[in-house]
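With mmCIF, C-alpha atoms and all ligand atoms inside, this is coords-v8.cif:
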data_entry
#
loop_
_atom_site.label_atom_id
_atom_site.label_comp_id
_atom_site.auth_asym_id
_atom_site.auth_seq_id
_atom_site.Cartn_x
_atom_site.Cartn_y
_atom_site.Cartn_z
CA MET A 1 -32.52 -28.49 0.08
CA THR A 2 -31.70 -24.82 0.04
CA GLY A 3 -28.63 -22.71 -0.60
CA VAL A 4 -27.10 -20.14 1.70
CA PHE A 5 -29.38 -17.28 2.74
CA THR A 6 -27.52 -14.19 1.54
CA ILE A 7 -28.75 -11.35 3.72
CA GLY A 8 -27.36 -7.99 4.76
CA CYS A 9 -28.11 -4.30 4.83
CA HIS A 10 -26.77 -0.99 3.62
CA LEU A 11 -23.59 -0.12 5.54
CA SER A 12 -21.17 2.79 5.58
CA ILE A 13 -17.68 2.27 4.18
CA ALA A 14 -16.48 5.55 5.74
CA LYS A 15 -14.05 3.50 7.87
CA GLY A 16 -13.13 1.19 5.00
CA PHE A 17 -14.24 -2.11 3.51
CA ALA A 18 -12.75 -4.24 6.29
CA ALA A 19 -14.68 -2.27 8.93
CA ALA A 20 -17.89 -2.66 6.92
CA ALA A 21 -17.32 -6.42 6.66
CA ARG A 22 -16.80 -6.57 10.44
CA ASP A 23 -20.02 -4.57 10.95
CA ALA A 24 -21.84 -7.03 8.68
CA VAL A 25 -20.57 -10.01 10.66
CA SER A 26 -21.55 -8.33 13.94
CA ILE A 27 -25.22 -8.19 12.90
CA GLY A 28 -25.39 -11.71 11.46
CA ALA A 29 -25.11 -10.56 7.85
CA ASN A 30 -23.08 -12.30 5.13
CA THR A 31 -23.31 -9.48 2.59
CA PHE A 32 -23.71 -5.70 2.55
CA GLN A 33 -24.47 -2.79 0.29
CA PHE A 34 -22.37 0.37 0.25
CA PHE A 35 -22.26 3.70 -1.55
CA THR A 36 -19.30 3.94 -3.91
CA ARG A 37 -18.89 7.57 -2.84
CA ASN A 38 -20.86 10.25 -1.06
CA PRO A 39 -24.50 9.52 -2.01
CA ARG A 40 -24.78 13.10 -3.25
CA GLY A 41 -22.07 12.34 -5.78
CA GLY A 42 -18.82 13.74 -4.45
CA LYS A 43 -15.34 12.51 -5.24
CA ALA A 44 -14.64 8.86 -4.41
CA LYS A 45 -12.03 8.07 -1.77
CA ALA A 46 -8.99 6.23 -3.14
CA ILE A 47 -9.13 2.51 -2.37
CA ASP A 48 -6.54 1.57 0.25
CA PRO A 49 -4.81 -1.67 -0.81
CA ALA A 50 -4.17 -2.68 2.83
CA ASP A 51 -7.86 -2.22 3.69
CA MET A 52 -8.86 -4.16 0.58
CA ALA A 53 -6.50 -7.03 1.50
CA GLU A 54 -7.95 -7.14 5.02
CA PHE A 55 -11.48 -7.04 3.57
CA ARG A 56 -10.68 -10.01 1.32
CA SER A 57 -9.40 -12.08 4.21
CA ILE A 58 -12.43 -11.29 6.45
CA ALA A 59 -14.76 -12.00 3.54
CA ALA A 60 -13.14 -15.37 2.84
CA GLU A 61 -13.19 -16.30 6.51
CA GLN A 62 -16.80 -15.23 7.08
CA GLY A 63 -18.35 -16.45 3.84
CA ILE A 64 -19.01 -13.00 2.40
CA THR A 65 -19.05 -13.91 -1.28
CA ARG A 66 -21.25 -11.15 -2.67
CA VAL A 67 -21.46 -7.41 -2.08
CA LEU A 68 -23.55 -4.75 -3.78
CA ALA A 69 -22.24 -1.30 -4.60
CA HIS A 70 -24.77 1.52 -4.96
CA ALA A 71 -24.19 4.50 -7.24
CA PRO A 72 -24.82 7.95 -5.74
CA TYR A 73 -28.56 8.52 -5.94
CA THR A 74 -28.26 12.01 -7.32
CA LEU A 75 -26.65 10.65 -10.48
CA ASN A 76 -28.92 11.55 -13.39
CA PRO A 77 -27.89 10.40 -16.86
CA ALA A 78 -31.33 11.57 -18.09
CA SER A 79 -30.83 15.17 -16.98
CA ALA A 80 -31.74 18.05 -19.29
CA THR A 81 -28.35 19.60 -18.48
CA GLU A 82 -25.39 18.47 -20.54
CA ARG A 83 -22.96 18.93 -17.61
CA THR A 84 -25.04 16.69 -15.33
CA ARG A 85 -25.20 14.00 -18.02
CA VAL A 86 -21.43 14.15 -18.56
CA PHE A 87 -20.88 13.97 -14.79
CA ALA A 88 -23.13 10.88 -14.60
CA ARG A 89 -21.13 9.18 -17.35
CA GLU A 90 -17.84 10.02 -15.61
CA VAL A 91 -19.03 8.68 -12.26
CA LEU A 92 -20.37 5.48 -13.85
CA ALA A 93 -17.12 4.85 -15.70
CA ASP A 94 -14.98 5.62 -12.63
CA ASP A 95 -17.14 3.47 -10.31
CA LEU A 96 -17.01 0.52 -12.72
CA LEU A 97 -13.25 0.87 -12.96
CA ARG A 98 -12.94 0.86 -9.16
CA MET A 99 -15.29 -2.12 -8.89
CA GLU A 100 -12.61 -4.24 -10.56
CA GLN A 101 -10.83 -4.14 -7.18
CA ILE A 102 -13.61 -6.51 -6.05
CA PRO A 103 -14.17 -8.43 -9.28
CA GLY A 104 -17.40 -10.17 -10.23
CA GLN A 105 -19.69 -8.15 -7.97
CA LEU A 106 -22.88 -6.12 -8.43
CA TYR A 107 -23.25 -2.38 -9.00
CA ASN A 108 -26.72 -0.90 -8.63
CA MET A 109 -27.98 2.42 -9.99
CA HIS A 110 -31.23 4.36 -10.07
CA PRO A 111 -31.89 4.80 -13.80
CA GLY A 112 -32.58 8.54 -13.56
CA SER A 113 -35.33 11.15 -13.89
CA HIS A 114 -36.42 12.60 -17.20
CA VAL A 115 -37.29 15.97 -15.61
CA GLY A 116 -40.09 16.67 -18.08
CA GLN A 117 -38.31 15.58 -21.25
CA GLY A 118 -40.48 12.45 -21.32
CA PRO A 119 -39.67 8.82 -20.50
CA GLU A 120 -38.63 7.94 -24.07
CA ALA A 121 -35.98 10.67 -24.22
CA GLY A 122 -34.83 9.74 -20.73
CA ILE A 123 -34.58 6.05 -21.53
CA ALA A 124 -32.43 6.78 -24.58
CA MET A 125 -30.06 8.98 -22.56
CA ILE A 126 -29.76 6.42 -19.74
CA ALA A 127 -28.90 3.64 -22.20
CA GLU A 128 -26.37 5.92 -23.89
CA ALA A 129 -24.65 6.65 -20.57
CA ILE A 130 -24.53 2.96 -19.65
CA ASN A 131 -23.17 2.05 -23.07
CA SER A 132 -20.44 4.65 -22.68
CA ALA A 133 -19.40 3.28 -19.26
CA LEU A 134 -19.55 -0.47 -19.83
CA ASP A 135 -16.50 -2.25 -21.18
CA PRO A 136 -16.44 -5.90 -22.30
CA ALA A 137 -13.44 -6.60 -20.00
CA GLN A 138 -15.35 -5.54 -16.85
CA THR A 139 -16.47 -8.32 -14.50
CA THR A 140 -19.14 -6.30 -12.69
CA THR A 141 -22.85 -6.71 -13.36
CA LEU A 142 -24.60 -3.34 -13.54
CA LEU A 143 -28.09 -3.45 -12.03
CA LEU A 144 -30.95 -1.07 -12.74
CA GLU A 145 -33.16 -0.58 -9.69
CA THR A 146 -36.95 -0.73 -9.91
CA MET A 147 -38.21 2.72 -8.86
CA ALA A 148 -41.30 4.05 -7.04
CA GLY A 149 -42.13 6.52 -9.79
CA LYS A 150 -41.63 9.58 -7.62
CA GLY A 151 -41.59 12.75 -9.73
CA THR A 152 -40.28 11.90 -13.18
CA GLU A 153 -38.31 8.82 -12.14
CA ILE A 154 -37.69 6.28 -14.85
CA GLY A 155 -37.91 2.61 -13.91
CA ARG A 156 -41.40 2.82 -12.42
CA SER A 157 -42.45 -0.17 -14.52
CA PHE A 158 -40.75 -3.34 -15.67
CA GLU A 159 -41.40 -2.14 -19.23
CA GLU A 160 -39.31 1.01 -18.71
CA LEU A 161 -36.39 -1.07 -17.43
CA ARG A 162 -36.78 -3.42 -20.40
CA ASP A 163 -36.70 -0.44 -22.78
CA ILE A 164 -33.37 0.66 -21.26
CA ILE A 165 -31.87 -2.84 -21.25
CA GLU A 166 -32.92 -3.43 -24.87
CA ARG A 167 -30.71 -0.51 -25.90
CA ILE A 168 -27.64 -1.77 -24.04
CA GLU A 169 -24.91 -3.28 -26.16
CA LEU A 170 -23.31 -5.51 -23.53
CA GLN A 171 -26.48 -7.39 -22.57
CA ASP A 172 -24.68 -9.89 -20.34
CA HIS A 173 -23.32 -7.04 -18.17
CA VAL A 174 -26.74 -5.84 -16.98
CA GLY A 175 -29.43 -7.02 -14.58
CA VAL A 176 -32.16 -5.70 -12.29
CA CYS A 177 -32.37 -5.05 -8.55
CA LEU A 178 -35.95 -5.26 -7.27
CA ASP A 179 -36.75 -2.94 -4.37
CA THR A 180 -39.89 -4.18 -2.59
CA CYS A 181 -40.82 -0.70 -1.31
CA HIS A 182 -40.34 0.81 -4.75
CA VAL A 183 -42.35 -1.79 -6.71
CA TRP A 184 -45.15 -1.56 -4.13
CA ASP A 185 -45.17 2.23 -4.38
CA ALA A 186 -45.11 1.86 -8.17
CA GLY A 187 -48.30 -0.24 -8.00
CA TYR A 188 -47.13 -3.87 -8.03
CA ASP A 189 -49.16 -5.64 -5.35
CA LEU A 190 -46.75 -7.87 -3.44
CA ALA A 191 -49.71 -9.59 -1.78
CA HIS A 192 -49.90 -11.35 -5.16
CA LEU A 193 -46.22 -12.12 -5.52
CA ASP A 194 -46.62 -14.86 -8.12
CA ASP A 195 -48.44 -12.41 -10.41
CA VAL A 196 -45.72 -9.78 -9.94
CA LEU A 197 -42.97 -12.29 -10.72
CA GLU A 198 -44.92 -13.59 -13.69
CA GLN A 199 -45.03 -10.02 -15.06
CA PHE A 200 -41.35 -9.54 -14.34
CA ASP A 201 -40.54 -12.75 -16.18
CA ARG A 202 -42.72 -11.90 -19.15
CA VAL A 203 -41.29 -8.38 -19.55
CA LEU A 204 -37.68 -8.71 -18.40
CA GLY A 205 -36.98 -12.41 -17.96
CA ILE A 206 -36.59 -13.63 -14.38
CA GLU A 207 -32.88 -14.37 -14.99
CA ARG A 208 -32.29 -10.58 -15.13
CA LEU A 209 -33.20 -10.36 -11.44
CA ARG A 210 -29.95 -10.37 -9.47
CA ALA A 211 -30.66 -8.70 -6.11
CA ILE A 212 -33.51 -7.69 -3.80
CA HIS A 213 -33.79 -4.54 -1.69
CA LEU A 214 -36.01 -5.73 1.14
CA ASN A 215 -37.97 -2.83 2.60
CA ASP A 216 -41.45 -2.24 3.91
CA SER A 217 -43.24 0.92 2.75
CA LYS A 218 -44.77 3.73 4.78
CA ASN A 219 -47.37 4.29 2.08
CA PRO A 220 -50.18 2.42 0.33
CA LEU A 221 -49.89 0.57 -2.98
CA ALA A 222 -49.21 2.84 -5.99
CA SER A 223 -48.49 5.90 -3.83
CA HIS A 224 -45.27 6.75 -5.77
CA LYS A 225 -43.72 8.12 -2.56
CA ASP A 226 -40.58 6.02 -1.82
CA ARG A 227 -40.56 6.14 1.97
CA HIS A 228 -39.03 2.97 3.42
CA GLU A 229 -40.33 1.38 6.62
CA GLN A 230 -39.00 -1.32 8.95
CA ILE A 231 -39.87 -4.91 8.01
CA GLY A 232 -43.43 -5.72 9.06
CA LYS A 233 -44.19 -2.18 10.26
CA GLY A 234 -45.40 -0.77 6.97
CA ARG A 235 -48.11 -1.22 4.39
CA ILE A 236 -46.57 -4.19 2.60
CA GLY A 237 -46.52 -6.17 5.82
CA LEU A 238 -44.55 -9.05 7.26
CA GLY A 239 -46.42 -11.82 5.44
CA SER A 240 -45.75 -10.46 1.96
CA LEU A 241 -42.11 -9.64 2.74
CA MET A 242 -41.54 -13.11 4.20
CA ALA A 243 -43.02 -14.57 1.02
CA VAL A 244 -40.38 -12.67 -0.98
CA VAL A 245 -37.57 -14.15 1.10
CA MET A 246 -39.03 -17.68 0.78
CA HIS A 247 -40.04 -17.67 -2.87
CA PRO A 248 -38.41 -20.48 -4.86
CA GLN A 249 -37.48 -18.05 -7.66
CA LEU A 250 -35.98 -15.51 -5.22
CA LYS A 251 -34.59 -17.39 -2.23
CA ASP A 252 -31.04 -17.73 -3.59
CA LEU A 253 -30.69 -14.04 -4.50
CA PRO A 254 -28.85 -11.63 -2.18
CA PHE A 255 -31.22 -9.58 0.03
CA PHE A 256 -30.36 -6.09 1.29
CA LEU A 257 -32.29 -4.22 3.98
CA GLU A 258 -32.57 -0.44 3.50
CA THR A 259 -34.94 0.02 6.40
CA PRO A 260 -34.80 3.09 8.67
CA HIS A 261 -32.88 2.36 11.90
CA ASP A 262 -30.87 4.52 14.31
CA SER A 263 -28.34 1.80 14.97
CA LEU A 264 -27.05 -1.51 13.64
CA SER A 265 -29.03 -3.45 16.27
CA GLY A 266 -32.25 -2.76 14.37
CA TYR A 267 -30.79 -4.57 11.35
CA ALA A 268 -29.54 -7.41 13.56
CA GLU A 269 -33.11 -7.95 14.78
CA GLU A 270 -34.55 -7.96 11.26
CA ILE A 271 -31.86 -10.33 10.02
CA SER A 272 -32.46 -12.73 12.87
CA LEU A 273 -36.24 -12.65 12.28
CA LEU A 274 -35.74 -13.46 8.59
CA LYS A 275 -33.16 -16.16 9.28
CA GLN A 276 -35.48 -17.84 11.78
CA ALA A 277 -38.29 -17.83 9.23
CA ARG A 278 -36.02 -19.45 6.63
CA LEU A 279 -34.93 -22.01 9.19
CA ASP A 280 -38.55 -22.87 9.98
CA ALA A 281 -39.43 -23.14 6.29
CA PHE A 282 -36.37 -24.82 4.83
CA GLY A 283 -34.63 -26.36 7.81
CA ALA A 284 -31.55 -24.31 6.97
CA ALA A 285 -30.89 -20.61 7.19
FE FE A 301 -31.50 2.60 -4.36
FE FE A 302 -33.49 0.47 -2.90
ZN ZN A 303 -36.05 3.94 -1.91
#
What does this structure look like when you write it as C-alpha cells?
Ligand code: FE
Ligand code: FE
Ligand code: ZN
Amino acid sequence: MTGVFTIGCHLSIAKGFAAAARDAVSIGANTFQFFTRNPRGGKAKAIDPADMAEFRSIAAEQGITRVLAHAPYTLNPASATERTRVFAREVLADDLLRMEQIPGQLYNMHPGSHVGQGPEAGIAMIAEAINSALDPAQTTTLLLETMAGKGTEIGRSFEELRDIIERIELQDHVGVCLDTCHVWDAGYDLAHLDDVLEQFDRVLGIERLRAIHLNDSKNPLASHKDRHEQIGKGRIGLGSLMAVVMHPQLKDLPFFLETPHDSLSGYAEEISLLKQARLDAFGAA
C-alpha cells in the first residue's frame, strides 16, 4: 500500500561518493544529501571516475535511487556586488554540469539574500542567475529551498518562491525543497500540516514539492532564526514531524535529516525511529 520510504541525512563526500553511500547504508539510509563543494563556496574537487563507478554499483546494490546535492550556502545570486553575482552564476553552471555525472537527480539551493535591495530586486536577480545556468539538455531538477527568513533571506514565503519560479524559462527543470525547521521559523504552523500543504498547493502547486529537509527547530514558530534541532527535541515536536513523514501527499518524497549530531549514530537512531513509525502506520517501511 505504500512505496519505499526514502530517508537519509546530510553526509560528507570528502572521502568520495562511494564512501558516502557506504556511510548511508551503515545508518539504515537509502539516500543522502551532500555539498557539491566546500559549503563556503570553494573550488569543487574533480569527480574521480573510479569512485563514481564504485558509487553506482553500491547504489544499485543497496537501492539508492535518489540523492540530493546542496549548493554552497554562501552562494548569493541576489548580492549587491556584481562579482558575487557572477560567482554565483559560475558555481550554479559548474555544479549543474557536474551533476550530469549522476543524471536525473536533485540539486538544492538557498535562493539568496537581497541585502537591503528589497525582495523584488532580489527575486529578479535570482531568476536571472538560474536562467543563465539551466540548459534544456540537463537532467537535473533544481530545487529552491524554503527559508526561515533570517536577515534578508528570500524564500521566507511560498509566494516568494513562486515569484522566482514564475520568472524561470525552463519550468520543468525546477522544484521546491521544503525544510520543516525553516517553514516553522518562517511562520508556517506544522501543527496544522493540512493547512500548510493547502497553502503550498494553492501558491506553488504541490507537484513542485520534490524533497523534504526533516529538522526540528530550536525556536518558536515565526522566530526567523534557522537553528536546527534533533527530531522530537525542538519546538516543532515529534508528533508534527511524524505527521510530515506519514502524510499521503508527502510520504513518497525523499526525506533528508539535517539535525545536529556529533556522530553518524545519532542519525541512525532518528532513521530507525522514523522507519518504525512508518512500519506501524503502513505495515511497510
Ligand atoms: Fe539548506
Ligand atoms: Fe535545509
Ligand atoms: Zn537551516
Using all atoms listed in the file, find each residue of stretch 43-70 of chain A with at least one atom at most 8 Å away from an atom of stretch 108-124 of chain A; report its shortest atom-to-atom pair and that distance in Å (one decimal), sort the rows by chain and rising residue number, and return the result as JSON lines.
{"residue": "A:Leu68", "atom": "CA", "partner": "A:Asn108", "partner_atom": "CA", "distance": 7.0}
{"residue": "A:Ala69", "atom": "CA", "partner": "A:Asn108", "partner_atom": "CA", "distance": 6.0}
{"residue": "A:His70", "atom": "CA", "partner": "A:Asn108", "partner_atom": "CA", "distance": 4.8}
Written file, previous selection with C-alpha atoms, as an mmCIF file, in the frame of the given file:
data_model
loop_
_atom_site.group_PDB
_atom_site.id
_atom_site.type_symbol
_atom_site.label_atom_id
_atom_site.label_comp_id
_atom_site.auth_asym_id
_atom_site.auth_seq_id
_atom_site.Cartn_x
_atom_site.Cartn_y
_atom_site.Cartn_z
ATOM 1 C CA LEU A 68 -23.550 -4.750 -3.780
ATOM 2 C CA ALA A 69 -22.240 -1.300 -4.600
ATOM 3 C CA HIS A 70 -24.770 1.520 -4.960
#
| Using only C-alpha atoms, which residues sit within 9 Å of stretch 166-175 of chain A once same-chain residues fewer than 5 positions away are excluded, as a list in words? | Asn108, Ile123, Ala124, Ala127, Glu128, Ile130, Asn131, Leu134, Asp135, Pro136, Gln138, Thr139, Thr140, Thr141, Leu142, Leu143, Leu144, Glu145, Leu161, Glu207, Arg208, Leu209, Arg210 and Ala211 of chain A
Take the residues that were just selected and, keeping C-alpha atoms, output them as an mmCIF file, in the frame of the given file.
data_model
loop_
_atom_site.group_PDB
_atom_site.id
_atom_site.type_symbol
_atom_site.label_atom_id
_atom_site.label_comp_id
_atom_site.auth_asym_id
_atom_site.auth_seq_id
_atom_site.Cartn_x
_atom_site.Cartn_y
_atom_site.Cartn_z
ATOM 1 C CA ASN A 108 -26.720 -0.900 -8.630
ATOM 2 C CA ILE A 123 -34.580 6.050 -21.530
ATOM 3 C CA ALA A 124 -32.430 6.780 -24.580
ATOM 4 C CA ALA A 127 -28.900 3.640 -22.200
ATOM 5 C CA GLU A 128 -26.370 5.920 -23.890
ATOM 6 C CA ILE A 130 -24.530 2.960 -19.650
ATOM 7 C CA ASN A 131 -23.170 2.050 -23.070
ATOM 8 C CA LEU A 134 -19.550 -0.470 -19.830
ATOM 9 C CA ASP A 135 -16.500 -2.250 -21.180
ATOM 10 C CA PRO A 136 -16.440 -5.900 -22.300
ATOM 11 C CA GLN A 138 -15.350 -5.540 -16.850
ATOM 12 C CA THR A 139 -16.470 -8.320 -14.500
ATOM 13 C CA THR A 140 -19.140 -6.300 -12.690
ATOM 14 C CA THR A 141 -22.850 -6.710 -13.360
ATOM 15 C CA LEU A 142 -24.600 -3.340 -13.540
ATOM 16 C CA LEU A 143 -28.090 -3.450 -12.030
ATOM 17 C CA LEU A 144 -30.950 -1.070 -12.740
ATOM 18 C CA GLU A 145 -33.160 -0.580 -9.690
ATOM 19 C CA LEU A 161 -36.390 -1.070 -17.430
ATOM 20 C CA GLU A 207 -32.880 -14.370 -14.990
ATOM 21 C CA ARG A 208 -32.290 -10.580 -15.130
ATOM 22 C CA LEU A 209 -33.200 -10.360 -11.440
ATOM 23 C CA ARG A 210 -29.950 -10.370 -9.470
ATOM 24 C CA ALA A 211 -30.660 -8.700 -6.110
#
| What gap, in Å, lies between atom CA of A:Gly42 and atom CA of A:Cys9? | 22.3 Å
| request: Within 7 Å of ligand ZN 303 (chain A), which residues show up when you count all atoms listed in the file? List them as a list of chain:residue names, please. | output: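 The residues near ligand ZN 303 (chain A) are A:Cys181, A:His182, A:Asp226, A:Arg227, A:His228.
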| query | Which one of A:Gly232, A:Gly151, A:Pro220, A:Pro248 sits closest to A:Asp185 if you count all atoms listed in the file? | reply |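 Smallest distance to A:Asp185 is found for A:Pro220.
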| Do you have the atom CA of A:Asp195-atom CA of A:Leu273 distance handy? |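 If I compute the distance from atom CA of A:Asp195 to atom CA of A:Leu273, I get 25.8 Å.
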| said: Which residues are close to A:Trp184, i.e. within 8 Å by only C-alpha atoms, leaving aside same-chain residues fewer than 3 positions away? Reply as a PyMOL selection string. | reply: chain A and resi 148+180-181+187-190+217+220-222+236
| Nearest-residue call for ligand FE 301 (chain A), choices A:Leu238, A:Ile206, A:Val176, A:Val91, using all atoms listed in the file |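 Of all the options, A:Val176 lies closest to ligand FE 301 (chain A).
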Output as AutoDock Vina command-line options the centre and edge lengths (Å, one decimal) of the box along x, y and z of the file that holds every listed atom of stretch 224-235 of chain A after adding 5 Å on each side.
--center_x -43.6 --center_y 1.2 --center_z 2.2 --size_x 19.1 --size_y 23.8 --size_z 26.0
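Minimum atom-to-atom distance to A:Val245, evaluated using all atoms listed in the file, belongs to A:Ile7 out of A:Val67, A:Ala191, A:Ile7, A:Val196.
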Proximity of chain A to ligand FE 302 (chain A): per-residue shortest pair, 7 Å limit, all atoms listed in the file, as a Markdown table:
| residue | atom | partner | partner_atom | distance |
| --- | --- | --- | --- | --- |
| A:Glu145 | CA | A:FE302 | FE | 6.9 |
| A:Asp179 | CA | A:FE302 | FE | 4.9 |
| A:His213 | CA | A:FE302 | FE | 5.2 |
| A:Glu258 | CA | A:FE302 | FE | 6.5 |
| field | For A:Lys233: contacts at 12 Å, only C-alpha atoms, fewer than 5 positions along chain excluded, given as a PyMOL selection string | value | chain A and resi 215-219+228+238-241+259-260+270
